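S.K.: To be precise about what I am sending: the file is called final.cif and holds mmCIF, C-alpha atoms and all ligand atoms.
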```cif
data_run
loop_
_atom_site.label_atom_id
_atom_site.label_comp_id
_atom_site.auth_asym_id
_atom_site.auth_seq_id
_atom_site.Cartn_x
_atom_site.Cartn_y
_atom_site.Cartn_z
CA MET T 30 61.98 78.15 113.66
CA LYS T 31 61.52 76.38 110.33
CA ARG T 32 58.16 74.77 109.60
CA ARG T 33 58.36 71.00 109.30
CA LEU T 34 57.33 70.07 105.75
CA GLY T 35 56.21 66.66 104.50
CA VAL T 36 56.08 65.97 100.76
CA LEU T 37 53.90 63.32 99.07
CA ALA T 38 54.99 62.22 95.60
CA SER T 39 54.30 59.46 93.09
CA GLY T 40 56.88 59.82 90.35
CA GLY T 41 59.81 61.79 89.05
CA GLY T 42 59.79 64.26 91.89
CA SER T 43 61.13 67.27 90.02
CA ASN T 44 58.89 69.52 92.13
CA LEU T 45 60.19 67.75 95.22
CA GLN T 46 63.71 68.55 93.95
CA ALA T 47 62.79 72.22 93.56
CA LEU T 48 61.62 72.23 97.19
CA ILE T 49 64.76 70.41 98.33
CA ASP T 50 66.94 72.96 96.53
CA ALA T 51 65.01 75.91 97.97
CA ALA T 52 65.07 74.47 101.47
CA ARG T 53 68.89 74.38 101.36
CA TRP T 54 68.91 78.16 101.74
CA PRO T 55 69.45 78.98 105.42
CA SER T 56 66.67 81.57 105.42
CA TYR T 57 64.06 79.33 103.73
CA PRO T 58 61.19 78.99 106.24
CA ALA T 59 60.61 75.23 105.83
CA GLU T 60 62.67 72.08 106.22
CA ILE T 61 61.62 68.84 104.54
CA VAL T 62 61.44 66.22 107.27
CA ALA T 63 59.55 63.43 105.48
CA VAL T 64 58.93 62.26 101.93
CA VAL T 65 56.24 59.66 101.27
CA ALA T 66 55.78 57.93 97.92
CA ASN T 67 52.93 55.57 97.06
CA VAL T 68 54.96 53.80 94.36
CA PRO T 69 58.12 51.82 95.17
CA GLY T 70 61.31 52.69 93.32
CA VAL T 71 60.30 56.09 91.95
CA THR T 72 62.87 58.83 91.41
CA ALA T 73 61.26 61.00 94.08
CA LEU T 74 62.51 58.49 96.68
CA SER T 75 66.09 58.58 95.44
CA ARG T 76 66.01 62.38 95.34
CA ALA T 77 64.96 62.38 99.00
CA GLU T 78 67.61 59.84 99.95
CA ALA T 79 70.29 61.82 98.12
CA ALA T 80 69.31 64.85 100.18
CA GLY T 81 69.36 62.89 103.43
CA ILE T 82 65.61 63.17 103.95
CA PRO T 83 63.76 60.18 105.44
CA ALA T 84 61.75 58.59 102.62
CA THR T 85 58.96 56.09 103.12
CA VAL T 86 56.99 53.97 100.65
CA VAL T 87 53.32 53.50 101.44
CA ASP T 88 52.27 51.35 98.49
CA HIS T 89 48.59 51.93 97.77
CA ARG T 90 48.34 48.52 96.11
CA ALA T 91 48.92 46.84 99.46
CA PHE T 92 45.65 48.36 100.71
CA GLY T 93 43.40 47.34 97.82
CA THR T 94 40.31 49.53 97.85
CA ASP T 95 40.76 50.51 101.50
CA ARG T 96 41.70 54.15 100.98
CA PRO T 97 41.19 55.11 104.65
CA ALA T 98 43.74 52.48 105.72
CA PHE T 99 46.21 53.68 103.06
CA GLU T 100 45.82 57.26 104.22
CA ALA T 101 46.02 56.33 107.89
CA GLU T 102 49.45 54.89 107.16
CA ILE T 103 50.56 58.08 105.40
CA ASP T 104 49.11 60.15 108.24
CA ALA T 105 51.05 58.07 110.76
CA VAL T 106 54.33 58.68 108.90
CA LEU T 107 53.67 62.42 108.73
CA ARG T 108 52.69 62.69 112.39
CA ALA T 109 55.66 60.58 113.52
CA ALA T 110 57.88 63.16 111.81
CA ASP T 111 55.97 66.04 113.45
CA VAL T 112 55.01 67.39 110.04
CA GLU T 113 53.23 70.74 110.19
CA LEU T 114 52.67 71.43 106.49
CA VAL T 115 52.14 68.96 103.63
CA ALA T 116 53.01 69.60 99.98
CA LEU T 117 51.60 67.29 97.32
CA ALA T 118 54.17 67.12 94.52
CA GLY T 119 52.92 65.00 91.66
CA PHE T 120 50.99 62.80 94.10
CA MET T 121 48.61 60.82 91.91
CA ARG T 122 46.13 59.40 94.42
CA VAL T 123 42.82 61.06 95.17
CA LEU T 124 42.57 61.78 98.91
CA THR T 125 39.45 61.17 100.96
CA ASP T 126 37.59 64.07 102.53
CA ARG T 127 38.61 62.77 105.92
CA PHE T 128 42.35 63.05 105.19
CA VAL T 129 41.82 66.42 103.53
CA GLN T 130 39.89 67.73 106.54
CA ALA T 131 42.58 66.46 108.91
CA TRP T 132 45.15 68.64 107.11
CA ASN T 133 42.82 71.51 106.22
CA GLY T 134 44.78 74.75 105.91
CA ARG T 135 48.02 72.82 106.20
CA MET T 136 48.20 71.04 102.82
CA VAL T 137 48.93 72.46 99.37
CA ASN T 138 49.05 70.99 95.87
CA ILE T 139 50.52 71.99 92.53
CA HIS T 140 48.43 71.44 89.42
CA PRO T 141 49.78 71.83 85.86
CA ALA T 142 47.09 74.19 84.57
CA LEU T 143 45.55 77.54 85.38
CA LEU T 144 42.70 76.43 87.62
CA PRO T 145 39.74 76.35 87.49
CA SER T 146 40.45 75.44 83.84
CA PHE T 147 41.69 71.95 83.05
CA LYS T 148 41.22 70.09 86.31
CA GLY T 149 42.29 66.46 86.20
CA LEU T 150 44.75 64.74 83.88
CA HIS T 151 46.35 65.46 80.47
CA THR T 152 46.13 69.19 81.05
CA HIS T 153 48.66 70.23 78.38
CA ALA T 154 47.03 68.23 75.58
CA ARG T 155 43.63 69.58 76.60
CA ALA T 156 44.91 73.16 76.69
CA LEU T 157 46.26 72.76 73.14
CA GLU T 158 43.01 71.16 72.04
CA ALA T 159 41.07 74.10 73.49
CA GLY T 160 43.31 76.56 71.65
CA VAL T 161 44.22 78.69 74.66
CA ALA T 162 46.88 81.38 74.29
CA ILE T 163 47.98 81.29 77.92
CA HIS T 164 48.53 78.18 80.04
CA GLY T 165 50.33 77.60 83.32
CA CYS T 166 50.24 76.08 86.77
CA THR T 167 48.45 76.65 90.06
CA VAL T 168 49.29 76.10 93.70
CA HIS T 169 46.18 75.71 95.82
CA TRP T 170 45.18 74.72 99.31
CA VAL T 171 43.83 71.18 99.24
CA SER T 172 40.12 70.94 99.90
CA PRO T 173 37.54 68.22 99.25
CA GLY T 174 37.03 68.07 95.49
CA VAL T 175 39.92 67.22 93.20
CA ASP T 176 41.89 70.29 92.01
CA GLU T 177 39.59 72.61 93.88
CA GLY T 178 40.52 74.69 96.88
CA ALA T 179 41.56 78.29 97.28
CA ILE T 180 44.30 79.44 94.93
CA LEU T 181 47.57 80.42 96.60
CA GLY T 182 49.60 81.17 93.47
CA GLN T 183 49.62 80.89 89.70
CA ALA T 184 52.24 81.11 86.99
CA ALA T 185 51.38 81.80 83.36
CA VAL T 186 53.22 80.72 80.23
CA PRO T 187 52.53 81.51 76.56
CA VAL T 188 51.39 78.78 74.18
CA ALA T 189 53.50 78.67 71.01
CA PRO T 190 51.91 77.86 67.64
CA ASP T 191 54.07 74.77 67.19
CA ASP T 192 53.74 73.49 70.76
CA THR T 193 53.20 69.83 71.50
CA ALA T 194 51.88 68.62 74.84
CA GLU T 195 55.51 67.81 75.68
CA SER T 196 57.01 71.20 74.78
CA LEU T 197 54.19 73.06 76.52
CA GLY T 198 54.46 70.78 79.55
CA ALA T 199 58.18 71.46 79.80
CA ARG T 200 57.55 75.23 79.79
CA VAL T 201 54.91 74.84 82.50
CA LEU T 202 57.15 72.55 84.57
CA GLU T 203 59.91 75.16 84.53
CA MET T 204 57.45 77.58 86.10
CA GLU T 205 56.20 74.95 88.56
CA HIS T 206 59.74 74.74 89.89
CA ARG T 207 59.70 78.50 90.54
CA LEU T 208 56.15 78.81 91.80
CA TYR T 209 56.02 75.90 94.22
CA PRO T 210 58.97 76.84 96.45
CA ALA T 211 57.71 80.44 96.55
CA CYS T 212 54.20 79.38 97.58
CA VAL T 213 55.42 76.82 100.10
CA ALA T 214 57.59 79.54 101.64
CA LEU T 215 54.54 81.78 101.99
CA ALA T 216 52.56 79.01 103.66
CA ALA T 217 55.44 77.89 105.87
CA SER T 218 56.20 81.38 107.11
CA GLY T 219 52.54 81.99 107.91
CA ARG T 220 52.33 84.87 105.42
CA ALA T 221 49.81 82.82 103.43
CA ILE T 222 46.85 81.31 105.26
CA LEU T 223 43.56 79.67 104.42
CA GLN T 224 40.74 81.54 106.13
CA ASP T 225 37.04 80.85 105.59
CA GLY T 226 37.86 79.08 102.34
CA ARG T 227 39.93 81.98 100.96
CA SER T 228 43.66 82.22 100.52
CA LEU T 229 45.12 85.32 102.12
CA ILE T 230 48.66 86.61 101.69
CA ASP T 231 49.79 89.14 104.26
CA GLY T 232 46.19 89.39 105.38
CA ALA T 233 44.74 90.25 101.98
CA PRO T 234 43.06 88.08 99.33
CA GLY T 235 44.83 87.52 96.04
CA PRO T 236 47.26 84.88 94.86
CA LEU T 237 50.96 85.20 94.13
CA SER T 238 51.41 85.56 90.38
CA LEU T 239 54.41 84.76 88.21
CA PHE T 240 54.80 85.24 84.47
CA TRP T 241 57.09 83.35 82.18
CA SER T 242 59.70 85.37 80.38
CA PRO T 243 62.59 84.16 78.21
CA ALA T 244 64.77 86.56 80.18
CA VAL T 245 64.36 84.52 83.36
CA SER T 246 64.82 81.14 81.71
CA PRO T 247 67.98 79.26 82.59
C1 LIG T 301 53.78 68.04 87.66
O1 LIG T 301 53.42 68.61 86.44
C2 LIG T 301 52.71 68.30 88.69
O2 LIG T 301 52.13 69.55 88.56
C3 LIG T 301 51.73 67.23 88.34
O3 LIG T 301 52.50 66.09 88.02
C4 LIG T 301 53.77 66.51 87.58
C5 LIG T 301 54.73 65.86 88.51
O4 LIG T 301 56.02 66.19 88.24
N1 LIG T 301 50.77 67.03 89.39
P1 LIG T 301 57.18 65.83 89.30
O5 LIG T 301 56.90 64.43 89.83
O6 LIG T 301 57.18 66.88 90.34
O7 LIG T 301 58.43 65.85 88.44
#
```
Could you write out this structure as C-alpha cells?
Ligand code: GRF
M.R.:
Amino acid sequence: MKRRLGVLASGGGSNLQALIDAARWPSYPAEIVAVVANVPGVTALSRAEAAGIPATVVDHRAFGTDRPAFEAEIDAVLRAADVELVALAGFMRVLTDRFVQAWNGRMVNIHPALLPSFKGLHTHARALEAGVAIHGCTVHWVSPGVDEGAILGQAAVPVAPDDTAESLGARVLEMEHRLYPACVALAASGRAILQDGRSLIDGAPGPLSLFWSPAVSP
C-alpha cells in the first residue's frame, strides 16, 4: 500500500516535480494525492495538473492575518484527500504551532542549506558571504520553530571560488531533487520515523547523507 502524500508549494515546484517523477516508479512507496499552493497561477499548480494530481489554491491573502483560518482550509483539503504524509516543497508561509502539532511526525520540509546553519531566507548568498567551503540542503521533520526539527537527510555540495548565489543555488537545487524523493520514500515506507524528537532510520539515529559529485551530474 502506497502512503498518501500531500505536497504544499508556493512557486516553481521543481521539488514537487522531482517527487512526481519519483512517484511514477511502481515501487515508490508514496503516491501524491493532493497539491496545495498558497499563490494562484504558480508553476507548481500546472506541474500537478499535468501529472493528473488534484491541485488546490488556498490563497493566504484571502485570510488576511488569520493564519489559523488559512491553515484550517489547507488541513481540510489534506484530510479530504486522506493524506497521511505532508511534504513542504518551497512552501513560503510560516506554519502555526497548532498546524505543526497536528501533523507532527507526518510532515517534512526541504531547506536549501545545511541546517542548523543558514536558517531562513537567502541561504546561498549568506553561505557565500560567510565563506563556507561546503554548502547543501537538508530534509527535516517539521517542528515548531522555523527550519528546526530533527534532520532526516542532508546533501552536501562544494562551493566554487567563482560561485554566485545563482550558480551555487543551482548546484544545491540539483541535490535537492535527489535528496527529497529519497527522504520522502524513507518516511513513506516507515523506515524513517520521528521518535522523541529524533529522526531514526531503520531504528537507528543518523540522517541519510548524499554528496555531490560531477560523476553523478546529468
Ligand atoms: C528550494 O530551494 C527549496 O529548498 C526552498 O525553495 C526552493 C523552492 O524551489 N524552500 P521549488 O519551488 O521546489 O522549485
S.K.: List all protein, DNA and RNA residues that have an atom no more than 8 Å from any atom of ligand LIG 301 (chain T), counting all atoms listed in the file, and report them as a list in words.
M.R.: Ala38, Ser39, Gly40, Gly41, Gly42, Ser43, Asn44, Leu45, Gln46, Ala73, Leu117, Ala118, Gly119, Phe120, Met121, Asn138, Ile139, His140, Pro141, Ala142, Cys166, Gly198, Val201, Leu202 and Glu205 of chain T
S.K.: So, counting all atoms listed in the file, which residue among T:Ile82, T:Cys212, T:Leu144, T:Leu34 is closest to Val175 in chain T?
M.R.: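 The closest residue to Val175 in chain T is T:Leu144.
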S.K.: Interatomic distance between CA of Gln183 in chain T and CA of Glu60 in chain T?
M.R.: 22.8 Å
S.K.: Could you list, as a VMD selection string, every residue within 10 Å of Ala156 in chain T, counting only C-alpha atoms and ignoring same-chain residues fewer than 6 positions away?
M.R.: chain T and resid 142 to 143 146 to 147 162 to 165 188 194 197
S.K.: Would you kindly return, as number ranges by chain, each protein, DNA or RNA residue with an atom no farther than 7 Å from any atom of Ala47 in chain T, considering only C-alpha atoms and excluding same-chain residues fewer than 4 positions away?
M.R.: T: 43, 51, 206, 210
S.K.: Mind checking which residues fall within 12 Å of range 178-181 of chain T, counting all atoms listed in the file, ignoring those fewer than 4 positions away in the same chain, and posting them as a VMD selection string?
M.R.: chain T and resid 129 to 130 133 to 134 136 to 140 142 to 145 148 166 to 174 208 to 216 220 to 231 233 to 239
S.K.: Pick out the residues sitting within 10 Å of Ala109 in chain T, and hand them over as a list in words; count all atoms listed in the file, and ignore anything fewer than 5 positions along from it in its own chain.
M.R.: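 Once the adjacent positions are removed, what remains is Ala63, Ile103 and Asp104 of chain T.
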S.K.: Between T:Met204, T:Val112, T:Leu157, T:Asp95, which is the closest to Val64 in chain T once you count only C-alpha atoms?
M.R.: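 Ranking T:Met204, T:Val112, T:Leu157, T:Asp95 by distance to Val64 in chain T, first place goes to T:Val112.
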S.K.: Is it possible to get the axis-aligned box enclosing range 105-112 of chain T (all listed atoms, 8 Å extra per side) as lines of an AutoDock Vina configuration file, with centre and edge lengths in Å rounded to one decimal?
M.R.:
```
center_x = 54.5
center_y = 62.7
center_z = 111.1
size_x = 22.8
size_y = 25.3
size_z = 20.8
```
S.K.: With all atoms listed in the file as the basis for distance, which of T:Thr94, T:Thr152, T:Thr125, T:Ser242 is at the shortest distance from Glu195 in chain T?
M.R.: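 Of the candidates, the smallest distance to Glu195 in chain T is held by T:Thr152.
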